[in-house]
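Colleague: Okay, handing you the structure first.
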Amino acid sequence: MTTTPSALVLFSGGQDSAVCLAWALSRYKRVETIGFDYRQRHRVELDCRTVFLAKLRAQFPAWSAKLGEDHLLDLGVLGEVSDTALTREQEIGFADSGLPSTFVPGRNLVFLTFAGAVAYRRGLTSLVGGMCETDFSGYPDCRRATMDAMQTALTLGMDRPTPIETPLMYLDKAQTWALSEALGGEAVVDLIVEETHTCYLGDRTQRHDWGYGCGTCPACDLREKGWATWRAGA
Ligand code: ZN
């Protein structure tokens, strides 16, 4: 098993995890990616991740040299046990718990456990994820405190250090756009606009300055506002 600092990036095909991938490629010699098919309502994110990875390899030779295998895991069982607006045809709003109906209970905990297992097998030293508590979407499994607890559980349970890095944790969406530009210039911004997907409704028919989406769901709203703020200040 290698001890060269290396990373496994949780890459969903969304904007945040794409920026995390660029971040990891800027600092590690070896990077692999992992994604999960949990029967999400829209498979468009999964399609985006394949295209994004192919274009990243083609357009960024220095990053391509460090970018290794992509792992796509079938976690259909998570979709089976979840009854949420991301896994069923259900209205997007707030549930009785006060949490958004897009919250999939246990999702990040399951993802990180499997990512930890794959990282262990592949000899990768860090996990990198796009969790963020700044633009608070109400997801308790995106908080740094949850990540700290998971990091401790994985480190103890696998008997090796398993740091979970979350470079976007305290950035707002405007700062996330700025970070992507700092890492890879306009070329990476363009790639993120064109080939990542954020919209909860899976809409790829409407193209805005900031990318594709319905333009009105909470995820589009955040992405659009962040873009506008970043562009106004850039
Ligand atoms: Zn949308």
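We label chains A, B, ... in the order they appear in the structure tokens, count residues from 1 in each chain, and number ligands from 1 in the order shown.
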Check which residues fall inside 10 Å of ligand 1 when counting only C-alpha atoms and all ligand atoms, and print them as a PyMOL selection string.

Modeller: chain A and resi 197-204+206+212-224

Colleague: Need to verify the contact set: stretch 15-17 of chain A, 7 Å, only C-alpha atoms, exclusion of same-chain residues closer than 5 positions in sequence. Can you return it as a count of residues only?

Modeller: 7

Colleague: Out of stretch 2-90 of chain A, which residues get alpha helix (DSSP H) from DSSP, as a PyMOL selection string?

Modeller: chain A and resi 15-27+44-59+61-64+76-81

Colleague: Could you write out the selected residues, including N, CA, C and O atoms, as a compact mmCIF listing (two decimals), in the first residue's frame?

Modeller:
```
# COMPACT_ATOMS: atom_id res chain seq x y z
N GLN A 15 -21.86 20.52 -9.45
CA GLN A 15 -20.88 21.61 -9.44
C GLN A 15 -19.87 21.47 -8.29
O GLN A 15 -18.66 21.54 -8.50
N ASP A 16 -20.38 21.25 -7.08
CA ASP A 16 -19.49 21.26 -5.92
C ASP A 16 -18.44 20.15 -5.98
O ASP A 16 -17.26 20.39 -5.73
N SER A 17 -18.88 18.96 -6.35
CA SER A 17 -17.90 17.86 -6.37
C SER A 17 -16.93 18.02 -7.53
O SER A 17 -15.79 17.57 -7.45
N ALA A 18 -17.36 18.70 -8.61
CA ALA A 18 -16.44 18.97 -9.73
C ALA A 18 -15.33 19.92 -9.29
O ALA A 18 -14.16 19.74 -9.63
N VAL A 19 -15.69 20.93 -8.49
CA VAL A 19 -14.68 21.86 -7.97
C VAL A 19 -13.73 21.12 -7.02
O VAL A 19 -12.52 21.34 -7.05
N CYS A 20 -14.29 20.21 -6.23
CA CYS A 20 -13.46 19.41 -5.32
C CYS A 20 -12.47 18.56 -6.10
O CYS A 20 -11.33 18.36 -5.66
N LEU A 21 -12.90 18.05 -7.24
CA LEU A 21 -12.01 17.24 -8.07
C LEU A 21 -10.85 18.10 -8.59
O LEU A 21 -9.68 17.68 -8.51
N ALA A 22 -11.15 19.30 -9.06
CA ALA A 22 -10.09 20.21 -9.51
C ALA A 22 -9.15 20.55 -8.36
O ALA A 22 -7.93 20.61 -8.52
N TRP A 23 -9.72 20.75 -7.18
CA TRP A 23 -8.94 21.06 -5.97
C TRP A 23 -7.97 19.91 -5.65
O TRP A 23 -6.79 20.13 -5.39
N ALA A 24 -8.49 18.69 -5.69
CA ALA A 24 -7.65 17.52 -5.38
C ALA A 24 -6.56 17.35 -6.44
O ALA A 24 -5.41 17.04 -6.11
N LEU A 25 -6.91 17.57 -7.71
CA LEU A 25 -5.92 17.41 -8.78
C LEU A 25 -4.83 18.48 -8.70
O LEU A 25 -3.72 18.29 -9.20
N SER A 26 -5.15 19.59 -8.06
CA SER A 26 -4.16 20.66 -7.89
C SER A 26 -3.18 20.37 -6.76
O SER A 26 -2.17 21.06 -6.64
N ARG A 27 -3.53 19.41 -5.89
CA ARG A 27 -2.63 19.20 -4.75
C ARG A 27 -2.12 17.78 -4.55
O ARG A 27 -1.16 17.57 -3.82
N VAL A 44 -29.47 12.09 -14.69
CA VAL A 44 -28.70 13.03 -15.51
C VAL A 44 -27.34 13.36 -14.88
O VAL A 44 -26.34 13.50 -15.59
N GLU A 45 -27.29 13.41 -13.53
CA GLU A 45 -26.01 13.68 -12.86
C GLU A 45 -24.99 12.60 -13.19
O GLU A 45 -23.82 12.88 -13.40
N LEU A 46 -25.47 11.35 -13.20
CA LEU A 46 -24.56 10.23 -13.48
C LEU A 46 -24.04 10.31 -14.91
O LEU A 46 -22.88 10.00 -15.18
N ASP A 47 -24.91 10.73 -15.83
CA ASP A 47 -24.46 10.89 -17.23
C ASP A 47 -23.45 12.03 -17.31
O ASP A 47 -22.45 11.94 -18.02
N CYS A 48 -23.72 13.12 -16.57
CA CYS A 48 -22.82 14.28 -16.59
C CYS A 48 -21.43 13.91 -16.11
O CYS A 48 -20.44 14.39 -16.65
N ARG A 49 -21.35 13.05 -15.09
CA ARG A 49 -20.03 12.76 -14.51
C ARG A 49 -19.12 12.06 -15.53
O ARG A 49 -17.92 12.32 -15.59
N THR A 50 -19.71 11.19 -16.34
CA THR A 50 -18.92 10.49 -17.35
C THR A 50 -18.38 11.48 -18.39
O THR A 50 -17.20 11.45 -18.73
N VAL A 51 -19.25 12.37 -18.86
CA VAL A 51 -18.84 13.35 -19.87
C VAL A 51 -17.83 14.32 -19.27
O VAL A 51 -16.82 14.65 -19.89
N PHE A 52 -18.09 14.77 -18.02
CA PHE A 52 -17.18 15.71 -17.38
C PHE A 52 -15.78 15.11 -17.25
O PHE A 52 -14.78 15.75 -17.59
N LEU A 53 -15.71 13.85 -16.81
CA LEU A 53 -14.40 13.21 -16.63
C LEU A 53 -13.68 13.07 -17.97
O LEU A 53 -12.47 13.32 -18.06
N ALA A 54 -14.40 12.71 -19.02
CA ALA A 54 -13.78 12.55 -20.34
C ALA A 54 -13.24 13.88 -20.84
O ALA A 54 -12.10 13.96 -21.35
N LYS A 55 -14.01 14.94 -20.68
CA LYS A 55 -13.56 16.25 -21.16
C LYS A 55 -12.41 16.80 -20.31
O LYS A 55 -11.51 17.45 -20.82
N LEU A 56 -12.48 16.53 -19.01
CA LEU A 56 -11.39 16.97 -18.14
C LEU A 56 -10.07 16.31 -18.56
O LEU A 56 -9.03 16.96 -18.66
N ARG A 57 -10.13 15.01 -18.83
CA ARG A 57 -8.93 14.29 -19.29
C ARG A 57 -8.41 14.87 -20.60
O ARG A 57 -7.20 15.01 -20.79
N ALA A 58 -9.33 15.22 -21.50
CA ALA A 58 -8.93 15.72 -22.82
C ALA A 58 -8.37 17.14 -22.76
O ALA A 58 -7.41 17.47 -23.46
N GLN A 59 -8.95 17.97 -21.90
CA GLN A 59 -8.60 19.40 -21.92
C GLN A 59 -7.50 19.79 -20.93
O GLN A 59 -6.94 20.87 -21.03
N PRO A 61 -4.22 18.17 -19.66
CA PRO A 61 -3.25 17.06 -19.69
C PRO A 61 -2.51 16.86 -18.36
O PRO A 61 -2.27 15.71 -17.95
N ALA A 62 -2.17 17.96 -17.68
CA ALA A 62 -1.43 17.82 -16.42
C ALA A 62 -2.29 17.13 -15.36
O ALA A 62 -1.80 16.32 -14.57
N TRP A 63 -3.57 17.45 -15.34
CA TRP A 63 -4.50 16.80 -14.40
C TRP A 63 -4.77 15.37 -14.85
O TRP A 63 -4.88 14.46 -14.03
N SER A 64 -4.90 15.19 -16.15
CA SER A 64 -5.20 13.86 -16.69
C SER A 64 -4.15 12.84 -16.27
O SER A 64 -4.47 11.68 -15.97
N GLY A 76 -28.33 0.79 -4.98
CA GLY A 76 -29.78 0.80 -5.20
C GLY A 76 -30.58 0.60 -3.91
O GLY A 76 -31.67 1.13 -3.76
N VAL A 77 -29.98 -0.10 -2.98
CA VAL A 77 -30.67 -0.38 -1.72
C VAL A 77 -30.98 0.92 -0.96
O VAL A 77 -31.99 1.02 -0.27
N LEU A 78 -30.14 1.94 -1.15
CA LEU A 78 -30.39 3.23 -0.48
C LEU A 78 -31.65 3.88 -1.03
O LEU A 78 -32.47 4.42 -0.29
N GLY A 79 -31.82 3.80 -2.36
CA GLY A 79 -33.05 4.31 -2.97
C GLY A 79 -34.28 3.55 -2.48
O GLY A 79 -35.34 4.13 -2.29
N GLU A 80 -34.09 2.24 -2.24
CA GLU A 80 -35.22 1.41 -1.78
C GLU A 80 -35.71 1.81 -0.40
O GLU A 80 -36.89 1.75 -0.11
N VAL A 81 -34.77 2.18 0.47
CA VAL A 81 -35.17 2.50 1.84
C VAL A 81 -35.48 3.99 2.03
O VAL A 81 -35.89 4.41 3.10
```

Colleague: Pick out the residues sitting within 9 Å of stretch 109-112 of chain A, and hand them over as a ChimeraX atom specification; count only C-alpha atoms, and ignore anything fewer than 5 positions along from it in its own chain.

Modeller: /A:10,35-36,75,78,117,127,129,141,146-147,150-151,154,164

Colleague: Using only C-alpha atoms, can you tell me which of A:Asp74, A:Glu133, A:Asp37, A:Glu69 comes closest to A:Asp172?

Modeller: A:Glu133

Colleague: Find the residues near stretch 173-190 of chain A: any atom within 6 Å, counting only C-alpha atoms, skip ones fewer than 4 places away on the same chain, and give them as a PyMOL selection string.

Modeller: chain A and resi 19+226-227+229-230

Colleague: Of the candidates A:Val118, A:Leu124, A:Ala232, A:Ala7, which one gets nearest to A:Leu73 if we count only C-alpha atoms?

Modeller: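 Closest candidate: A:Val118.
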
Colleague: I need the residues of stretch 96-234 of chain A that end up classed as strand (DSSP E) by DSSP on the backbone, written out as number ranges by chain.

Modeller: A: 126-128, 164-165, 207-208, 211-212

Colleague: Of the residues A:Tyr120, A:Tyr139, A:Tyr38, A:Phe11, which is the one nearest to A:Pro163, using only C-alpha atoms?

Modeller: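 Comparing A:Tyr120, A:Tyr139, A:Tyr38, A:Phe11 against A:Pro163, the winner is A:Tyr120.
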
Colleague: So, counting only C-alpha atoms, which residue among A:Val31, A:Val128, A:Cys142, A:Ala119 is closest to A:Arg107?

Modeller: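 Nearest candidate to A:Arg107 out of A:Val31, A:Val128, A:Cys142, A:Ala119: A:Cys142.
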
Colleague: Please, what distance in Å, to one decimal, runs between atom CA of A:Arg231 and atom CA of A:Leu171?

Modeller: 15.9 Å

Colleague: Between A:Thr113, A:Thr134, A:Thr205, A:Thr33, single out the one closest to A:Tyr170, counting only C-alpha atoms.

Modeller: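 Among A:Thr113, A:Thr134, A:Thr205, A:Thr33, it is A:Thr134 that comes nearest to A:Tyr170.
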